[in-house]
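Here's the structure we're looking at; comments come further down.
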Amino acid sequence: MNTALSVPTRQRVGRNADRVGLGALVIASTCLVALGAGWVSGPFRPVVVLVFVAVVVGLLVLVAIGGPQARRLLAPYGLLQPGILWLALFFLAPVWSLLRISLSTKPSRFSVDYTFSWAFENYTTAFRDFGKQFEHAFVYAAVATVLTVLIGYPLAYVIAFRGGKYKNVLLGLVVIPFFTSYLIRTIAWSTILADRGPAVAILRNVGLVRLLEALNIMNNGRLLNTPAAVIGGLTYNFLPFMLLPIYVSLEKIDTNLVNAANDLYSSSVRAFRKIVLPLSVPGVFAGTLLTFIPAAGDFVNAQLLGNPNTTMIGNSIQDQFLKQNNYPVASAMATVLMVSIASLVLIYTRLFGTEELA
Amino acid sequence: MMRTRSKIARWALNIYAGVGMFYLFVPILFIIAFSFNKPRGNFNIVWQSFTFDNWLSPFSEKSLTAALWVSLRVGFVSTIVSTVLGSLIAIALSRHKFRGSGSINLFLVLPLTTPEIVLGSSLATLFLGQGFVNFGFVTIVIAHIMFQVSIVALTVRARIRGFDWTLEQAAQDLGASSFRTFWKVTFPLILPGILAAGLLAFALSMDDFIITFFNAGSTVTFPLQIYGAARVRIPPQINVLASMILFVSVAILLIGTVSGARRQASMSGSRHTK
């Protein structure tokens, strides 16, 4: 290989190529975040652009002249670069820009310019005016998550342990309903639960209305536009996110363990509690995250199945952002939602690891 | 005594699971049934009478069809880009051991653990901050690629976890160039995983509502059209198109399963003949 570098230099470059590659990735991402989120302004912008281009081009040059060892060490960073830079610009930078706007004020109601001014009053406004919506979001999402476990776990269990050769067919059946559009599914539920719809008629004929009224599930003979309907919608729509991880963790369990327990005169309940349940915990926790997170941020179910008193934080963010154009307060609410969910995720992953999420 | 009780418990669980399965299909049966309804008025929510008319004119709702077309275009473009970007990440993660791979793994999970409403609104603040007033097709595609990349990367990585990378070395020892090795050995073997991830990404793009809602401007995708129309009118064509999408996805799922099973059978068959 004929290169411009002397042999010792090339070896030194080669040995440290992975450090260089990682550094380049980090610097390039930081440049994009700085540009996107508006950290830099005026004359500094071209400087940052220049640094970004220099880093990316420098990496290519290094691959070209660095020799086989450097090339091997740099290869993963080259593969990562396009995707990671995309995420840096369109995921990380937006998060920073959200934080920035959440601390900004705008001169007048209809202005689109903001000035960053450490305006923490956006957060006090968010909590003062939308505390109820935060509460709804977390309570509804939590109840829906519990319900998805109660419905999803037995179903996953039966498919995994009693499905036999129809296992994959049954699993396919579970997924099929979710191939229809999310909105259409939710609209279908609003038709089913409507005052003159089939659900209310059936309940009336069976005589369960009074019981459901007592349980606060029905309200004045109505099923639609109640908190229960919103929770029901969330439960239905996010059920596969609970069921599939549970199924994956149950499927991995060696049935010989259960057989051995039965051979040793353990009752099947005890065998379940001592063997199957602990081994399926990772699936339940992954499912909890995957269900709770989208449910807490959802506004479609509350919009289509709820009433003005059951709005969740998602409804408020969407309303403040897109209808009132009150970006600072909307951003403050989104930031609070993001931070509270991120801390939850952090606690969970500390306890159970990230592997199961994928 | 003990035996009958456990038998009853066994059946109770099966029935519970069966009811759960039925619950999953309740709204789907509704959607399909109401695609054959002849509604009176603007809302297709009360059963009137049976008709095939809606299925004979599935594209008669011009705005709905136009929105479906926009969604297909968005899905197509975003899926191609995100599948390439995500697969490259997945290959890097599963083939190479490198400094920082743990942080990259964590970074990839982050968009999935962020609520969609935060992803959507924050991306919109980025565009607003750039004076990027032209919300529309391009911003929707950018947004979709953003959430698809992580999903593709993680799906492909999971699918190629057991891949035997020494095959590449074998090919190179036999004199293949690294480019040829990739196209003739690696790529065909990891292609099923990439295709599966691409289909998933496409399905998610077609169905995305919340992120799109914040970044669409005046462009209307299929879900946005349904949401916007839901307050004014619900034509039965919504049900027809939804049923069509459902049937097409089920067909793709079936083809994928059958061809996967056949490929596996033929692979194990060829192993036997050797």
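Ordering of the structure tokens sets the chain letters (A, B, ...); residue numbers start at 1 within each chain; ligands are numbered from 1 in the order shown.
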*If you run DSSP over the backbone, which residues in segment 38-275 of chain A end up helix (DSSP H, G or I)? Put them as a VMD selection string.*
chain A and resid 44 to 65 67 to 102 121 to 162 164 to 179 182 to 193 198 to 206 209 to 214 227 to 251 255 to 263 268 to 275
*Would you kindly return, as a list of chain:residue names, each protein, DNA or RNA residue with an atom no farther than 10 Å from any atom of Gly232 of chain A, considering only C-alpha atoms and excluding same-chain residues fewer than 6 positions away?*
A:Tyr140, A:Val143, A:Ala144, A:Leu147, A:Thr148, A:Trp189, A:Thr226, A:Asn301, A:Leu305
Wanna dump the chain B-chain A contacts at 6 Å for me, each residue with its shortest atom pair and the distance in Å to one decimal, counting only C-alpha atoms, ordered by chain and number, as a Markdown table?
```
| residue | atom | partner | partner_atom | distance |
| --- | --- | --- | --- | --- |
| B:Ala17 | CA | A:Leu155 | CA | 4.6 |
| B:Pro27 | CA | A:Ala188 | CA | 5.5 |
| B:Ile45 | CA | A:Thr191 | CA | 5.7 |
| B:Leu85 | CA | A:Gly83 | CA | 4.7 |
| B:Leu88 | CA | A:Leu79 | CA | 5.1 |
| B:Ile89 | CA | A:Leu80 | CA | 4.8 |
| B:Ala92 | CA | A:Pro76 | CA | 4.7 |
| B:Pro115 | CA | A:Pro294 | CA | 5.3 |
| B:Ile117 | CA | A:Gly297 | CA | 5.9 |
| B:Val118 | CA | A:Ala334 | CA | 5.5 |
| B:Ser122 | CA | A:Pro94 | CA | 4.8 |
| B:Leu123 | CA | A:Pro94 | CA | 4.9 |
| B:Leu126 | CA | A:Pro94 | CA | 5.1 |
| B:Leu154 | CA | A:Ala358 | CA | 5.8 |
| B:Asp207 | CA | A:Ser181 | CA | 5.6 |
| B:Ala242 | CA | A:Thr180 | CA | 5.8 |
| B:Leu246 | CA | A:Thr180 | CA | 5.4 |
```
*Spatial neighbours of Ser82 of chain B, 9 Å, only C-alpha atoms, chain gap at least 4 places, as a PyMOL selection string*: (chain A and resi 83) or (chain B and resi 77-78+86-87+144-150+152-153+198+201)
Store the residues of this selection in a file with C-alpha atoms, as a JSON list (two decimals), in the first residue's frame.
```
[["chain", "number", "residue", "atom", "x", "y", "z"],
["A", 83, "GLY", "CA", -27.80, 7.36, 10.75],
["B", 77, "VAL", "CA", -39.41, 7.67, 0.51],
["B", 78, "SER", "CA", -38.93, 7.58, 4.28],
["B", 86, "GLY", "CA", -30.73, 1.87, 10.08],
["B", 87, "SER", "CA", -29.25, -1.23, 8.46],
["B", 144, "HIS", "CA", -40.71, 9.74, 9.76],
["B", 145, "ILE", "CA", -37.10, 8.84, 8.97],
["B", 146, "MET", "CA", -36.16, 10.08, 12.45],
["B", 147, "PHE", "CA", -38.37, 7.57, 14.27],
["B", 148, "GLN", "CA", -37.87, 4.80, 11.71],
["B", 149, "VAL", "CA", -34.04, 4.76, 11.89],
["B", 150, "SER", "CA", -33.98, 3.47, 15.48],
["B", 152, "VAL", "CA", -34.91, -0.41, 11.68],
["B", 153, "ALA", "CA", -31.52, -0.50, 13.41],
["B", 198, "GLY", "CA", -38.38, -2.09, 6.07],
["B", 201, "ALA", "CA", -40.94, 0.94, 9.10]]
```
*Which neighbours of Leu200 of chain B fall inside 10 Å, counting only C-alpha atoms, when residues of the same chain fewer than 5 positions from it are skipped, and could you give them as an MDAnalysis selection string?*
chainID B and resid 79 148 151:152 155 194:195 205:206
Leaving out Val248 of chain A and any residue of its chain fewer than 3 positions from it, which residues lie within 10 Å of it when counting only C-alpha atoms, given as an mmCIF file with N, CA and C atoms, in the first residue's frame?
```
data_model
loop_
_atom_site.group_PDB
_atom_site.id
_atom_site.type_symbol
_atom_site.label_atom_id
_atom_site.label_comp_id
_atom_site.auth_asym_id
_atom_site.auth_seq_id
_atom_site.Cartn_x
_atom_site.Cartn_y
_atom_site.Cartn_z
ATOM 1 N N ALA A 156 -50.716 -14.207 26.196
ATOM 2 C CA ALA A 156 -49.359 -14.576 25.775
ATOM 3 C C ALA A 156 -48.988 -15.939 26.334
ATOM 4 N N ALA A 160 -47.973 -19.133 24.155
ATOM 5 C CA ALA A 160 -46.603 -19.641 24.250
ATOM 6 C C ALA A 160 -46.553 -21.088 24.731
ATOM 7 N N LEU A 243 -48.140 -7.294 25.068
ATOM 8 C CA LEU A 243 -48.258 -8.727 24.809
ATOM 9 C C LEU A 243 -46.994 -9.295 24.156
ATOM 10 N N LEU A 244 -46.471 -8.596 23.163
ATOM 11 C CA LEU A 244 -45.349 -9.163 22.406
ATOM 12 C C LEU A 244 -44.089 -9.345 23.249
ATOM 13 N N PRO A 245 -43.649 -8.337 24.032
ATOM 14 C CA PRO A 245 -42.471 -8.596 24.878
ATOM 15 C C PRO A 245 -42.709 -9.709 25.893
ATOM 16 N N GLU A 251 -41.607 -17.330 25.693
ATOM 17 C CA GLU A 251 -41.211 -18.286 24.664
ATOM 18 C C GLU A 251 -39.808 -18.837 24.933
ATOM 19 N N LYS A 252 -38.975 -17.988 25.555
ATOM 20 C CA LYS A 252 -37.589 -18.390 25.806
ATOM 21 C C LYS A 252 -37.481 -19.423 26.924
ATOM 22 N N ILE A 253 -38.539 -19.510 27.757
ATOM 23 C CA ILE A 253 -38.451 -20.385 28.931
ATOM 24 C C ILE A 253 -38.408 -21.850 28.496
ATOM 25 N N SER A 280 -40.387 -14.383 33.382
ATOM 26 C CA SER A 280 -41.083 -13.522 32.422
ATOM 27 C C SER A 280 -41.083 -12.057 32.863
ATOM 28 N N PRO A 282 -38.729 -9.778 32.916
ATOM 29 C CA PRO A 282 -38.156 -8.816 31.967
ATOM 30 C C PRO A 282 -39.141 -8.415 30.871
ATOM 31 N N GLY A 283 -39.930 -9.379 30.393
ATOM 32 C CA GLY A 283 -40.916 -9.071 29.361
ATOM 33 C C GLY A 283 -41.976 -8.114 29.875
ATOM 34 N N GLU A 356 -33.874 -5.832 26.717
ATOM 35 C CA GLU A 356 -35.217 -6.314 26.452
ATOM 36 C C GLU A 356 -36.038 -5.333 25.617
#
```
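When atom CA of Phe76 of chain B is paired with atom CA of Phe202 of chain B, their separation reads 7.0 Å.
A straight line drawn from atom CA of Val141 of chain B to atom CA of Arg73 of chain B is 9.2 Å long.
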